[in-house]
Structures are given as C-alpha cells and as structure tokens.
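Peer 1: Data: entry10.cif, mmCIF, C-alpha atoms and all ligand atoms.
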data_coords
loop_
_atom_site.label_atom_id
_atom_site.label_comp_id
_atom_site.auth_asym_id
_atom_site.auth_seq_id
_atom_site.Cartn_x
_atom_site.Cartn_y
_atom_site.Cartn_z
CA MET A 1 -62.50 18.87 40.00
CA ARG A 2 -60.58 21.48 38.00
CA ARG A 3 -57.31 19.68 38.72
CA GLY A 4 -58.84 16.40 37.61
CA VAL A 5 -59.97 17.92 34.32
CA LEU A 6 -56.54 19.46 33.75
CA THR A 7 -54.83 16.11 34.36
CA THR A 8 -57.22 14.38 31.98
CA ILE A 9 -56.51 16.96 29.28
CA LEU A 10 -52.76 16.60 29.79
CA VAL A 11 -52.96 12.80 29.56
CA ILE A 12 -55.04 13.02 26.37
CA LEU A 13 -52.60 15.51 24.89
CA ALA A 14 -49.58 13.36 25.76
CA PHE A 15 -50.97 10.12 24.34
CA GLY A 16 -52.55 11.93 21.43
CA GLY A 17 -49.23 13.55 20.57
CA PHE A 18 -47.42 10.25 20.77
CA GLY A 19 -50.06 8.60 18.61
CA LEU A 20 -49.71 11.39 16.07
CA LEU A 21 -45.98 10.80 16.02
CA LEU A 22 -46.46 7.06 15.45
CA TRP A 23 -48.95 7.76 12.72
CA ALA A 24 -46.64 10.20 10.98
CA ASN A 25 -43.76 7.78 11.04
CA ALA A 26 -45.88 4.85 9.94
CA ARG A 27 -47.34 6.67 6.98
CA PRO A 28 -45.91 5.20 3.84
CA GLY A 29 -44.60 7.46 1.15
CA THR A 30 -44.02 10.52 3.27
CA SER A 31 -40.73 12.30 2.75
CA SER A 32 -40.12 12.36 6.48
CA GLY A 33 -40.29 8.56 6.75
CA VAL A 34 -37.90 6.61 8.89
CA ILE A 35 -34.63 5.86 7.09
CA VAL A 36 -33.61 2.26 7.64
CA ILE A 37 -29.86 2.05 8.06
CA PRO A 38 -28.55 -1.34 6.96
CA THR A 39 -26.81 -3.16 9.77
CA LEU A 40 -23.62 -3.88 7.86
CA GLN A 41 -20.48 -4.37 9.91
CA ALA A 42 -19.25 -0.86 9.44
CA PRO A 43 -15.52 -0.43 10.06
CA THR A 44 -14.97 0.66 13.59
CA ASP A 45 -12.04 1.17 15.85
CA ASP A 46 -13.78 -0.61 18.68
CA PRO A 47 -11.52 -3.60 19.45
CA GLU A 48 -14.53 -5.53 20.70
CA SER A 49 -16.03 -5.24 17.26
CA TRP A 50 -12.85 -6.55 15.67
CA GLN A 51 -12.99 -9.51 17.98
CA ALA A 52 -16.59 -10.05 17.03
CA ILE A 53 -15.69 -9.87 13.33
CA LEU A 54 -12.81 -12.27 13.80
CA GLN A 55 -14.96 -14.71 15.75
CA ALA A 56 -17.42 -14.53 12.91
CA GLY A 57 -14.72 -15.83 10.60
CA PHE A 58 -13.18 -12.69 9.17
CA GLY A 59 -9.56 -12.97 8.13
CA SER A 60 -7.73 -15.90 6.66
CA ASN A 61 -10.51 -18.32 7.52
CA ALA A 62 -12.90 -16.31 5.40
CA THR A 63 -10.57 -15.95 2.43
CA PRO A 64 -12.61 -16.73 -0.66
CA LEU A 65 -11.83 -19.96 -2.39
CA PRO A 66 -9.67 -19.58 -5.48
CA THR A 67 -11.76 -18.72 -8.47
CA ILE A 68 -9.24 -20.00 -10.97
CA GLY A 69 -8.34 -23.60 -11.45
CA ILE A 70 -5.30 -24.56 -9.41
CA SER A 71 -4.50 -28.21 -9.12
CA THR A 72 -3.73 -28.13 -5.44
CA GLN A 73 -3.29 -31.90 -5.44
CA ALA A 74 -0.50 -31.67 -7.94
CA PHE A 75 1.23 -28.86 -6.12
CA VAL A 76 4.65 -29.71 -4.77
CA PRO A 77 6.13 -27.31 -2.22
CA PRO A 78 8.80 -25.35 -4.08
CA THR A 79 12.44 -25.87 -3.26
CA LEU A 80 15.46 -23.79 -4.10
CA ALA A 81 16.70 -26.40 -6.56
CA LEU A 82 13.39 -26.50 -8.37
CA VAL A 83 13.19 -22.76 -8.53
CA ALA A 84 16.74 -22.34 -9.81
CA ALA A 85 16.09 -24.59 -12.79
CA ASP A 86 14.98 -21.77 -15.03
CA SER A 87 15.49 -23.82 -18.18
CA THR A 88 12.40 -25.83 -17.35
CA LEU A 89 10.30 -22.67 -17.44
CA ALA A 90 10.41 -21.22 -20.91
CA PRO A 91 9.96 -17.43 -20.82
CA LEU A 92 6.52 -16.43 -21.92
CA ALA A 93 6.18 -14.28 -24.98
CA PRO A 94 5.66 -10.60 -24.23
CA VAL A 95 2.09 -9.56 -24.68
CA GLN A 96 0.89 -6.48 -26.45
CA VAL A 97 -0.33 -4.05 -23.79
CA GLY A 98 -3.35 -2.53 -25.43
CA GLY A 99 -3.65 -0.93 -28.86
CA GLY A 100 -0.89 1.44 -29.81
CA GLN A 101 1.05 0.78 -26.63
CA PRO A 102 4.66 -0.32 -26.81
CA THR A 103 5.28 -3.98 -26.20
CA LEU A 104 7.32 -5.05 -23.25
CA ASN A 105 10.14 -5.95 -25.62
CA ALA A 106 10.16 -2.50 -27.14
CA VAL A 107 10.28 -0.98 -23.69
CA VAL A 108 13.20 -3.13 -22.69
CA THR A 109 15.36 -2.18 -25.62
CA ALA A 110 14.35 1.44 -25.70
CA THR A 111 14.55 2.58 -22.13
CA ARG A 112 16.27 0.15 -19.80
CA PRO A 113 19.70 1.48 -18.91
CA ALA A 114 22.69 -0.81 -19.32
CA PRO A 115 23.15 -2.91 -16.21
CA THR A 116 25.70 -1.50 -13.83
CA ALA A 117 27.16 -2.82 -10.64
CA ALA A 118 24.67 -0.75 -8.69
CA LEU A 119 21.74 -2.04 -10.71
CA LEU A 120 22.77 -5.61 -10.13
CA ALA A 121 23.15 -5.11 -6.41
CA THR A 122 21.26 -7.47 -4.18
CA ASP A 123 17.61 -6.57 -4.27
CA SER A 124 16.90 -6.97 -0.65
CA LEU A 125 18.64 -8.35 2.37
CA VAL A 126 15.84 -9.96 4.27
CA THR A 127 17.04 -11.32 7.55
CA ALA A 128 15.56 -11.66 10.97
CA GLN A 129 17.55 -8.63 12.09
CA VAL A 130 15.95 -6.17 9.71
CA VAL A 131 12.38 -7.29 10.29
CA THR A 132 11.44 -4.71 12.86
CA ARG A 133 7.97 -6.06 13.46
CA PRO A 134 7.14 -9.71 14.08
CA PRO A 135 5.12 -11.53 11.43
CA ALA A 136 1.52 -10.66 11.99
CA ASP A 137 -0.46 -13.23 13.92
CA TRP A 138 -3.31 -10.82 13.76
CA ASN A 139 -4.07 -7.59 12.00
CA PRO A 140 -7.18 -5.48 12.09
CA PRO A 141 -9.39 -6.29 9.14
CA PRO A 142 -8.48 -4.35 6.03
CA LEU A 143 -10.84 -1.66 4.90
CA ILE A 144 -12.65 -2.55 1.71
CA PRO A 145 -10.99 -1.18 -1.43
CA PRO A 146 -11.36 0.84 -3.49
CA ILE A 147 -11.59 3.71 -1.07
CA SER A 148 -10.97 7.39 -0.99
CA ARG A 149 -12.17 8.72 2.32
CA ASP A 150 -10.57 12.06 1.76
CA PRO A 151 -13.37 14.60 1.30
CA LEU A 152 -11.41 16.04 -1.62
CA GLY A 153 -10.96 12.59 -3.17
CA ARG A 154 -7.18 12.88 -3.25
CA ASP A 155 -6.41 9.32 -2.18
CA HIS A 156 -6.46 6.24 -4.35
CA TYR A 157 -6.36 3.27 -2.00
CA TRP A 158 -7.59 1.00 -4.72
CA PHE A 159 -5.54 -2.14 -4.18
CA SER A 160 -5.78 -4.87 -1.63
CA ARG A 161 -2.59 -6.37 -0.23
CA PRO A 162 -0.76 -8.99 -2.24
CA VAL A 163 -0.64 -11.36 0.74
CA ASP A 164 -3.22 -12.36 3.33
CA SER A 165 -3.95 -10.55 6.57
CA ASN A 166 -2.24 -13.22 8.65
CA ALA A 167 0.92 -12.97 6.54
CA THR A 168 3.58 -10.28 6.81
CA ASN A 169 1.88 -7.71 4.64
CA PHE A 170 3.51 -4.45 5.65
CA ALA A 171 6.44 -2.88 3.82
CA LEU A 172 9.85 -3.59 5.27
CA PHE A 173 10.89 -0.28 6.86
CA SER A 174 14.60 -0.76 6.23
CA TYR A 175 14.24 -0.83 2.44
CA ALA A 176 11.46 1.67 1.86
CA PHE A 177 10.27 2.65 -1.60
CA GLY A 178 12.76 5.11 -3.10
CA SER A 179 15.49 4.27 -0.57
CA ASP A 180 18.81 2.52 -1.08
CA GLY A 181 18.71 0.28 1.97
CA PRO A 182 20.01 0.54 5.50
CA GLN A 183 23.78 0.59 4.82
CA GLN A 184 25.34 3.92 3.96
CA GLU A 185 28.61 2.40 2.77
CA ASN A 186 27.08 -0.33 0.65
CA PRO A 187 23.91 1.12 -0.87
CA TRP A 188 21.52 -1.09 -2.76
CA ARG A 189 19.72 -0.19 -5.93
CA VAL A 190 17.06 2.48 -5.29
CA HIS A 191 13.96 0.49 -4.40
CA HIS A 192 11.11 0.70 -6.89
CA GLY A 193 8.69 -1.29 -4.78
CA ILE A 194 8.12 -2.55 -1.28
CA ASP A 195 9.19 -5.88 0.22
CA MET A 196 7.03 -8.15 2.33
CA PRO A 197 9.18 -10.90 3.83
CA ASN A 198 7.27 -14.18 4.09
CA PRO A 199 8.13 -17.86 4.07
CA ILE A 200 8.32 -19.65 0.74
CA GLY A 201 4.88 -20.90 -0.18
CA GLN A 202 2.82 -18.03 1.23
CA THR A 203 0.02 -17.30 -1.23
CA VAL A 204 0.43 -14.16 -3.34
CA ARG A 205 -2.82 -12.59 -4.54
CA ALA A 206 -3.81 -10.13 -7.23
CA ALA A 207 -4.13 -6.67 -5.70
CA GLY A 208 -6.96 -5.79 -8.07
CA SER A 209 -8.86 -7.11 -11.05
CA GLY A 210 -7.22 -7.09 -14.46
CA THR A 211 -5.37 -9.08 -17.08
CA VAL A 212 -2.07 -10.86 -16.57
CA VAL A 213 0.45 -9.49 -19.07
CA TRP A 214 3.48 -11.40 -17.83
CA ALA A 215 3.88 -14.58 -15.79
CA GLY A 216 7.26 -16.22 -15.37
CA PRO A 217 10.96 -15.39 -15.38
CA GLY A 218 12.78 -12.88 -17.57
CA PHE A 219 10.42 -9.96 -17.06
CA GLN A 220 11.71 -6.94 -19.03
CA ASP A 221 15.04 -8.68 -19.41
CA SER A 222 15.71 -8.42 -15.70
CA PRO A 223 17.02 -11.58 -14.05
CA SER A 224 16.94 -9.96 -10.61
CA TYR A 225 13.14 -10.07 -10.44
CA GLY A 226 12.97 -13.86 -10.64
CA ASN A 227 9.51 -15.17 -11.40
CA VAL A 228 7.16 -12.26 -11.94
CA VAL A 229 3.44 -11.77 -12.34
CA PHE A 230 2.60 -8.43 -13.95
CA ILE A 231 -1.03 -7.36 -14.13
CA ARG A 232 -2.63 -4.59 -16.14
CA HIS A 233 -5.68 -3.57 -14.16
CA ASP A 234 -9.07 -3.11 -15.71
CA PHE A 235 -9.32 0.31 -14.11
CA GLY A 236 -7.01 3.26 -14.57
CA TYR A 237 -5.98 6.46 -12.87
CA ASN A 238 -6.91 9.72 -14.58
CA GLY A 239 -7.15 7.89 -17.87
CA GLN A 240 -3.75 6.25 -17.41
CA PRO A 241 -3.21 2.49 -17.22
CA LEU A 242 -2.37 0.92 -13.86
CA PHE A 243 -0.11 -2.08 -13.35
CA THR A 244 0.99 -4.11 -10.35
CA LEU A 245 4.05 -6.35 -10.20
CA TYR A 246 4.82 -9.30 -7.91
CA ALA A 247 8.41 -10.53 -8.00
CA HIS A 248 10.64 -13.34 -6.68
CA LEU A 249 7.75 -15.82 -6.78
CA ALA A 250 8.43 -19.51 -6.23
CA ASN A 251 5.48 -20.62 -8.32
CA VAL A 252 3.20 -18.85 -10.74
CA PHE A 253 -0.43 -19.94 -11.02
CA VAL A 254 -1.49 -17.73 -13.92
CA SER A 255 -0.45 -17.16 -17.50
CA ALA A 256 -0.30 -14.16 -19.82
CA GLY A 257 -3.71 -13.16 -21.09
CA GLN A 258 -5.54 -14.60 -18.11
CA ILE A 259 -8.15 -12.44 -16.42
CA VAL A 260 -7.91 -12.27 -12.63
CA ASN A 261 -10.09 -10.83 -9.92
CA ALA A 262 -8.85 -8.99 -6.85
CA GLU A 263 -7.41 -11.43 -4.31
CA ASP A 264 -7.20 -14.34 -6.73
CA PRO A 265 -4.12 -16.45 -5.96
CA ILE A 266 -1.50 -15.77 -8.64
CA GLY A 267 1.57 -17.47 -7.18
CA LEU A 268 3.59 -18.26 -4.11
CA VAL A 269 6.21 -16.27 -2.23
CA GLY A 270 9.68 -17.42 -3.19
CA ASN A 271 13.27 -16.30 -3.44
CA THR A 272 13.86 -16.41 -7.19
CA GLY A 273 16.04 -13.72 -8.68
CA ARG A 274 18.41 -11.60 -6.65
CA VAL A 275 17.35 -11.94 -3.06
CA SER A 276 18.88 -13.16 0.13
CA GLY A 277 15.62 -14.26 1.65
CA PRO A 278 12.10 -15.10 0.54
CA HIS A 279 9.76 -12.17 0.11
CA VAL A 280 7.32 -10.68 -2.35
CA HIS A 281 8.50 -7.48 -4.02
CA PHE A 282 5.39 -5.45 -4.91
CA GLU A 283 5.29 -2.55 -7.35
CA VAL A 284 2.64 -0.17 -8.65
CA ARG A 285 3.27 1.33 -12.08
CA VAL A 286 1.12 4.20 -13.32
CA GLY A 287 0.82 5.51 -16.85
CA GLY A 288 3.22 2.98 -18.33
CA ASP A 289 4.64 -0.48 -17.76
CA ARG A 290 8.28 0.54 -17.38
CA TYR A 291 10.68 0.48 -14.45
CA GLY A 292 10.59 4.29 -14.44
CA ASP A 293 6.80 4.32 -14.02
CA THR A 294 6.81 3.08 -10.41
CA TYR A 295 5.02 4.90 -7.60
CA ASN A 296 4.93 4.24 -3.87
CA PRO A 297 2.59 1.26 -3.31
CA LEU A 298 1.83 2.55 0.19
CA LEU A 299 -0.31 5.27 -1.39
CA TRP A 300 -2.23 2.63 -3.36
CA MET A 301 -2.77 -0.18 -0.84
CA VAL A 302 -5.82 -0.02 1.35
CA SER A 303 -5.32 0.62 5.07
CA TYR A 304 -6.42 -1.54 7.93
CA VAL A 305 -9.36 -0.52 10.05
CA GLY A 306 -8.15 2.16 12.43
CA HIS A 307 -5.03 2.98 10.40
CA GLY A 308 -3.88 5.61 7.92
CA ALA A 309 -0.74 6.89 6.23
CA ILE A 310 1.55 9.90 6.46
CA ALA A 311 3.07 11.31 3.28
CA GLY A 312 5.41 14.23 3.24
CA ARG A 313 8.57 15.85 2.04
CA VAL A 314 11.63 17.48 3.51
CA MET A 315 12.80 20.81 2.12
CA GLY A 316 16.28 22.22 2.37
CA PRO A 317 17.09 25.87 3.21
CA ARG A 318 16.91 26.79 -0.46
CA GLY A 319 13.60 25.08 -1.09
CA ASP A 320 15.28 22.02 -2.54
CA LEU A 321 13.98 18.51 -1.84
CA LEU A 322 16.30 16.77 0.59
CA GLN A 323 16.98 13.17 -0.48
CA ASP A 324 17.93 10.14 1.58
CA GLN A 325 16.88 12.08 4.66
CA THR A 326 15.89 10.17 7.80
CA VAL A 327 12.34 10.87 8.99
CA THR A 328 11.10 9.56 12.33
CA ILE A 329 7.44 9.14 13.31
CA ARG A 330 6.80 9.49 17.04
CA ASP A 331 3.52 8.82 18.80
CA PHE A 332 2.65 12.16 20.39
CA ARG A 333 0.72 10.54 23.24
CA THR A 334 3.19 7.81 24.25
CA GLY A 335 6.40 9.42 23.01
CA LEU A 336 7.39 6.15 21.34
CA VAL A 337 8.89 5.99 17.87
CA VAL A 338 6.55 3.95 15.70
CA GLN A 339 8.41 4.05 12.38
CA SER A 340 11.28 5.68 10.62
CA THR A 341 12.01 5.96 6.93
CA THR A 342 14.14 7.90 4.46
CA THR A 343 13.18 10.29 1.69
CA TYR A 344 13.32 9.19 -1.95
CA ILE A 345 16.58 9.20 -3.86
CA PHE A 346 16.28 10.57 -7.38
CA LEU A 347 18.96 9.53 -9.83
CA ASP A 348 17.86 12.00 -12.51
CA ASN A 349 17.55 9.31 -15.11
CA GLY A 350 14.69 7.46 -16.78
CA SER A 351 14.62 4.92 -13.98
CA ASP A 352 13.71 7.32 -11.20
CA VAL A 353 11.02 6.56 -8.71
CA ASN A 354 8.10 8.99 -8.83
CA SER A 355 6.22 11.19 -6.40
CA ASP A 356 2.46 11.03 -6.47
CA PRO A 357 1.19 13.60 -9.00
CA LEU A 358 -1.02 15.15 -6.34
CA TRP A 359 0.89 14.80 -3.07
CA GLN A 360 4.41 15.36 -4.50
CA GLU A 361 5.72 13.43 -1.53
CA THR A 362 9.24 12.15 -0.97
CA PHE A 363 8.38 9.75 1.83
CA VAL A 364 5.40 7.71 2.98
CA VAL A 365 4.83 5.71 6.11
CA GLY A 366 1.82 3.42 6.09
CA ASP A 367 -0.10 1.37 8.65
CA ILE A 368 -0.07 4.12 11.28
CA PRO A 369 -2.76 3.78 13.95
CA VAL A 370 -5.17 6.71 14.04
CA GLY A 371 -3.81 9.39 16.35
CA ARG A 372 -1.46 12.34 16.65
CA TYR A 373 2.19 12.03 15.67
CA GLU A 374 5.30 14.12 15.65
CA VAL A 375 7.18 13.79 12.37
CA ILE A 376 10.84 14.58 12.98
CA THR A 377 13.90 15.16 10.83
CA ASN A 378 17.20 16.99 11.04
CA ILE A 379 17.96 19.76 8.57
CA ASP A 380 21.47 21.18 8.60
CA GLY A 381 21.92 20.17 12.22
CA LEU A 382 18.59 21.56 13.39
CA ARG A 383 15.79 19.36 14.69
CA VAL A 384 12.68 20.09 12.65
CA SER A 385 9.30 18.55 13.45
CA GLU A 386 5.61 18.92 12.70
CA LEU A 387 2.52 17.47 14.34
CA VAL A 388 0.25 15.38 12.14
CA ASP A 389 -3.12 13.78 12.83
CA VAL A 390 -3.63 10.43 11.15
CA SER A 391 -7.18 9.56 10.09
CA GLU A 392 -8.53 6.16 9.13
CA GLY A 393 -8.05 5.15 5.52
CA MET A 394 -6.57 8.51 4.56
CA THR A 395 -3.28 10.19 3.79
CA SER A 396 -2.11 13.02 6.05
CA PHE A 397 0.45 15.29 4.45
CA VAL A 398 3.31 17.08 6.18
CA GLU A 399 6.12 19.27 4.92
CA LEU A 400 9.26 19.59 7.01
CA ALA A 401 11.28 22.74 6.43
CA LEU A 402 13.24 25.32 8.35
CA THR A 403 11.34 28.40 9.43
CA GLN A 404 12.24 31.76 7.94
CA GLN A 405 13.94 32.68 11.23
CA GLU A 406 16.18 29.61 11.05
CA ILE A 407 17.28 29.99 7.46
CA PRO A 408 19.45 33.16 7.74
CA GLU A 409 21.49 31.65 10.57
CA LEU A 410 22.45 28.82 8.27
CA THR A 411 23.41 31.01 5.35
CA PRO A 412 25.43 33.86 6.87
CA THR A 413 27.17 34.68 3.62
CA ALA A 414 25.44 34.73 0.29
CA GLY A 415 26.55 32.09 -2.16
CA SER A 416 28.46 30.09 0.44
ZN ZN B 1 12.12 -5.30 -3.42
#
Starting from the coordinates I provided, produce the structure as structure tokens.
Peer 2:
Amino acid sequence: MRRGVLTTILVILAFGGFGLLLWANARPGTSSGVIVIPTLQAPTDDPESWQAILQAGFGSNATPLPTIGISTQAFVPPTLALVAADSTLAPLAPVQVGGGQPTLNAVVTATRPAPTAALLATDSLVTAQVVTRPPADWNPPPLIPPISRDPLGRDHYWFSRPVDSNATNFALFSYAFGSDGPQQENPWRVHHGIDMPNPIGQTVRAAGSGTVVWAGPGFQDSPSYGNVVFIRHDFGYNGQPLFTLYAHLANVFVSAGQIVNAEDPIGLVGNTGRVSGPHVHFEVRVGGDRYGDTYNPLLWMVSYVGHGAIAGRVMGPRGDLLQDQTVTIRDFRTGLVVQSTTTYIFLDNGSDVNSDPLWQETFVVGDIPVGRYEVITNIDGLRVSELVDVSEGMTSFVELALTQQEIPELTPTAGS
C-alpha cells in the first residue's frame, strides 16, 4: 500500500509540475514568456540550405524587376561600332554635388594631373588567360547589405555587387585595387577600382541607393573610362559622402539627377574607353568625388554567405610599408593556394589610392570561404607568414613583418 501511495504522489507531482510549466508559459504578459523567433531564412553555411534557397527561386530568377522605366523592346544589343560613335552621345553637363561642394568640372581642372604615358596605359587586359576563376554558374547567396558583423562595428559592407550573382562578380586577381597589373616590365596605371570581366550586355546595377551625378562618356575629362555612371549615395561614412563608379559601360539606362535604388539596372557591361575586353570597372570614392578619393571596393561590397575577407599590410625591416609585394593566401586545411595579390603602390601624389581609415591596409582579398588560412609573403628573402581565421561577412586583419630576431641579421651594419 505504501508503495502505491508513493507512486500516486510521484505521478501527481510529475503531471502537476508539467501543468504548472504549461500554465507559466501560456500566461500572457509575463516577462518569462516564450520568445517567438521568426522563421526567416537566416544565412547559413549549410549547403543543403543554399540548395533549398536556390530551389525556392533565390538568385537571378528572383532578381527584382527594374523599378525604373527601361524600354526593353527598344533595346538593341550594343555593338562596338555603336559604342565607338561617341558623337551621338552628347556629354551630360556636370551636376553640382551638394551645396558648397566643388563641381566635377572644378575638380577636373584643379586636381587631375596632366595625362602621361603611364596614365593613358591600357586600363585592363582582360583575356581568358588572366581570368583565374571560371565565370560563376553559381555563387552562394549574398548576405544582405548593409552589414557590419564585426562586434566592434569596424566593417562597412554597405554595397551590393554591381552585377548579378550568376555573373562574374568577383574582382580580377591579376589587376587588384592599388596594383599595376601582372607584368613587371610593362606596368599599367595603378588600379583605382576592381574589374569584373563579363560579356557585353550583362546588366550593371546600382550598388546602393542614391542620386546619379554622371551618366555617359567624358567623366572627369577621362576618355579611358568610356561610358560611366557615377552615383552619390544617400548615405555617408562618418559624415563623408560616398560615391560609386561604374565604367566602360556599353549602354547607360539612367541620367544625371535620377534617383536610383540599390540593385536598379543602370547600364550594361561594355568595352568603351581604354580596355581590351568587356568588363565593369567598379570604384568606391569616400569623402570626395575625385580620382584620389578611391578606396578598395572589396572592403565595401557585401560578402557571400559563408565568405569573408582578409585585409592586411606588409612591413619592411624598418617599419616601412612594403609596396607591390606579393601576398599569397593558402588554405591551412588543404594546403592549396586560394588567392594571391600584391600590396598597394603609392605614387605620393594626389591620385594615390587610399587605405581604409580604420584598417590601414595595403592589400585585401575578398570572397574567402570561412576557415583558417596562412597568409604568406617574402621579406628580404625570408618567408614570412601568419595564420588568419576568416569569419562570415567580416574582415580579418593580418600584419606581416619580420620578427625582432630576424631583423638584426638583415641589417648587420647600421645605415647600410
Ligand atoms: Zn579597372
């Protein structure tokens, strides 16, 4: 009997406790109520989820319809002949960029250096040989800009990509921002943007919302840009204006003064200006609209799901920034080289490229899958490397320098 009573008490306690729990959770207005987490498709690195998202229509199929009037019926696929006939496209008048700001004309006359042979060098040699990754049939879905996943808020991945996910929308490694191209003996002009090689006619989209300040040829008196769309964004960075530039376009869909939303079609990939192959040249300008206000777009363009970026710099034995220095990124797990780049070249004139005000980097590699990497360079004949962990949607910073033990060996006599 005693055991029976004990069992009954235990059963009552168990059910009673459970009931109490249900009652507590069901009570409206209590601070300990159940938090309902919305079932949004949160970014995940689970490939099955990507598949699910793609099957649900994510990607190019889900690209929003153009929100500005484009007469698609009247559109004729651009040809080289059509594009070359610049006389048919009268240059648009420069537009005042906000109150008190210099006009584009003023900027051109005041700060652009006289063209030199180097400045007029071919912008980019885009051939099948230098495209080190095949055009993307598929990419993971981009994260949703604007994002700054860094707990300290250091990143500013505020722009979407200027071309669709199924286009080639990564920066050509061989002509990285701040580099002078792959040939030592025949250097190109230091690159103020990134190049995305794509066939003529690929849609180019606004990287963020804003107002078009230039649309057409002759941007800032530079024939090498071809047809340009230049947007002043309706958001800024630390109180400074932000601009994006899209060059070498075949066709331009917008006009100066027009307001655009992020991802609105603004033109088509072309090969106008000084190019040897069709691509979109993409720039980010911060604080001003001049050539010397360009910053690395890879620190402004949102990552793909499961990807991040590495920014860093290479220091010489005397603490100097080493320029035009090859940096190799090696997957620590597989041992395979995933990317290589070179550090920025500074010309010490008003047309220099710029390091991010916070990171002070001299190289960036983007679109790196989350994981651990060895970042390698060679300083005065010594192999120098650091391990870096890449996190999703974030910048990981690395500084490559000789250790204190290595430095004296390299400088046996003072002042040598
Ligand atoms: Zn370019």
Peer 1: What does the structure give for the distance between CA of Trp158 (chain A) and CA of Asp367 (chain A), in Å to one decimal?
Peer 2: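 Between CA of Trp158 (chain A) and CA of Asp367 (chain A) the gap works out to 15.3 Å.
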Peer 1: Excluding region 198-215 of chain A and its own-chain neighbours fewer than 3 positions away, which residues fall within 7 Å of it when counting all atoms listed in the file? Please give them as an MDAnalysis selection string.
Peer 2: chainID A and resid 77 92 94:95 159:163 167:168 228:234 250 252 254:270 278:279
Peer 1: Within 8 Å of ligand ZN 1 (chain B), counting all atoms listed in the file: which residues, as a PyMOL selection string?
Peer 2: chain A and resi 123-124+175+191-195+247+280-282
Peer 1: Between CA of Gln339 (chain A) and CA of Ser391 (chain A), what is the spacing in Å?
Peer 2: 16.7 Å
Peer 1: Given the choices A:Tyr225, A:Tyr304, A:Ala309, A:Trp188, which gets closest to Glu283 (chain A) if the distance is worked out from all atoms listed in the file?
Peer 2: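 Distance minimum relative to Glu283 (chain A) lands on A:Tyr225.
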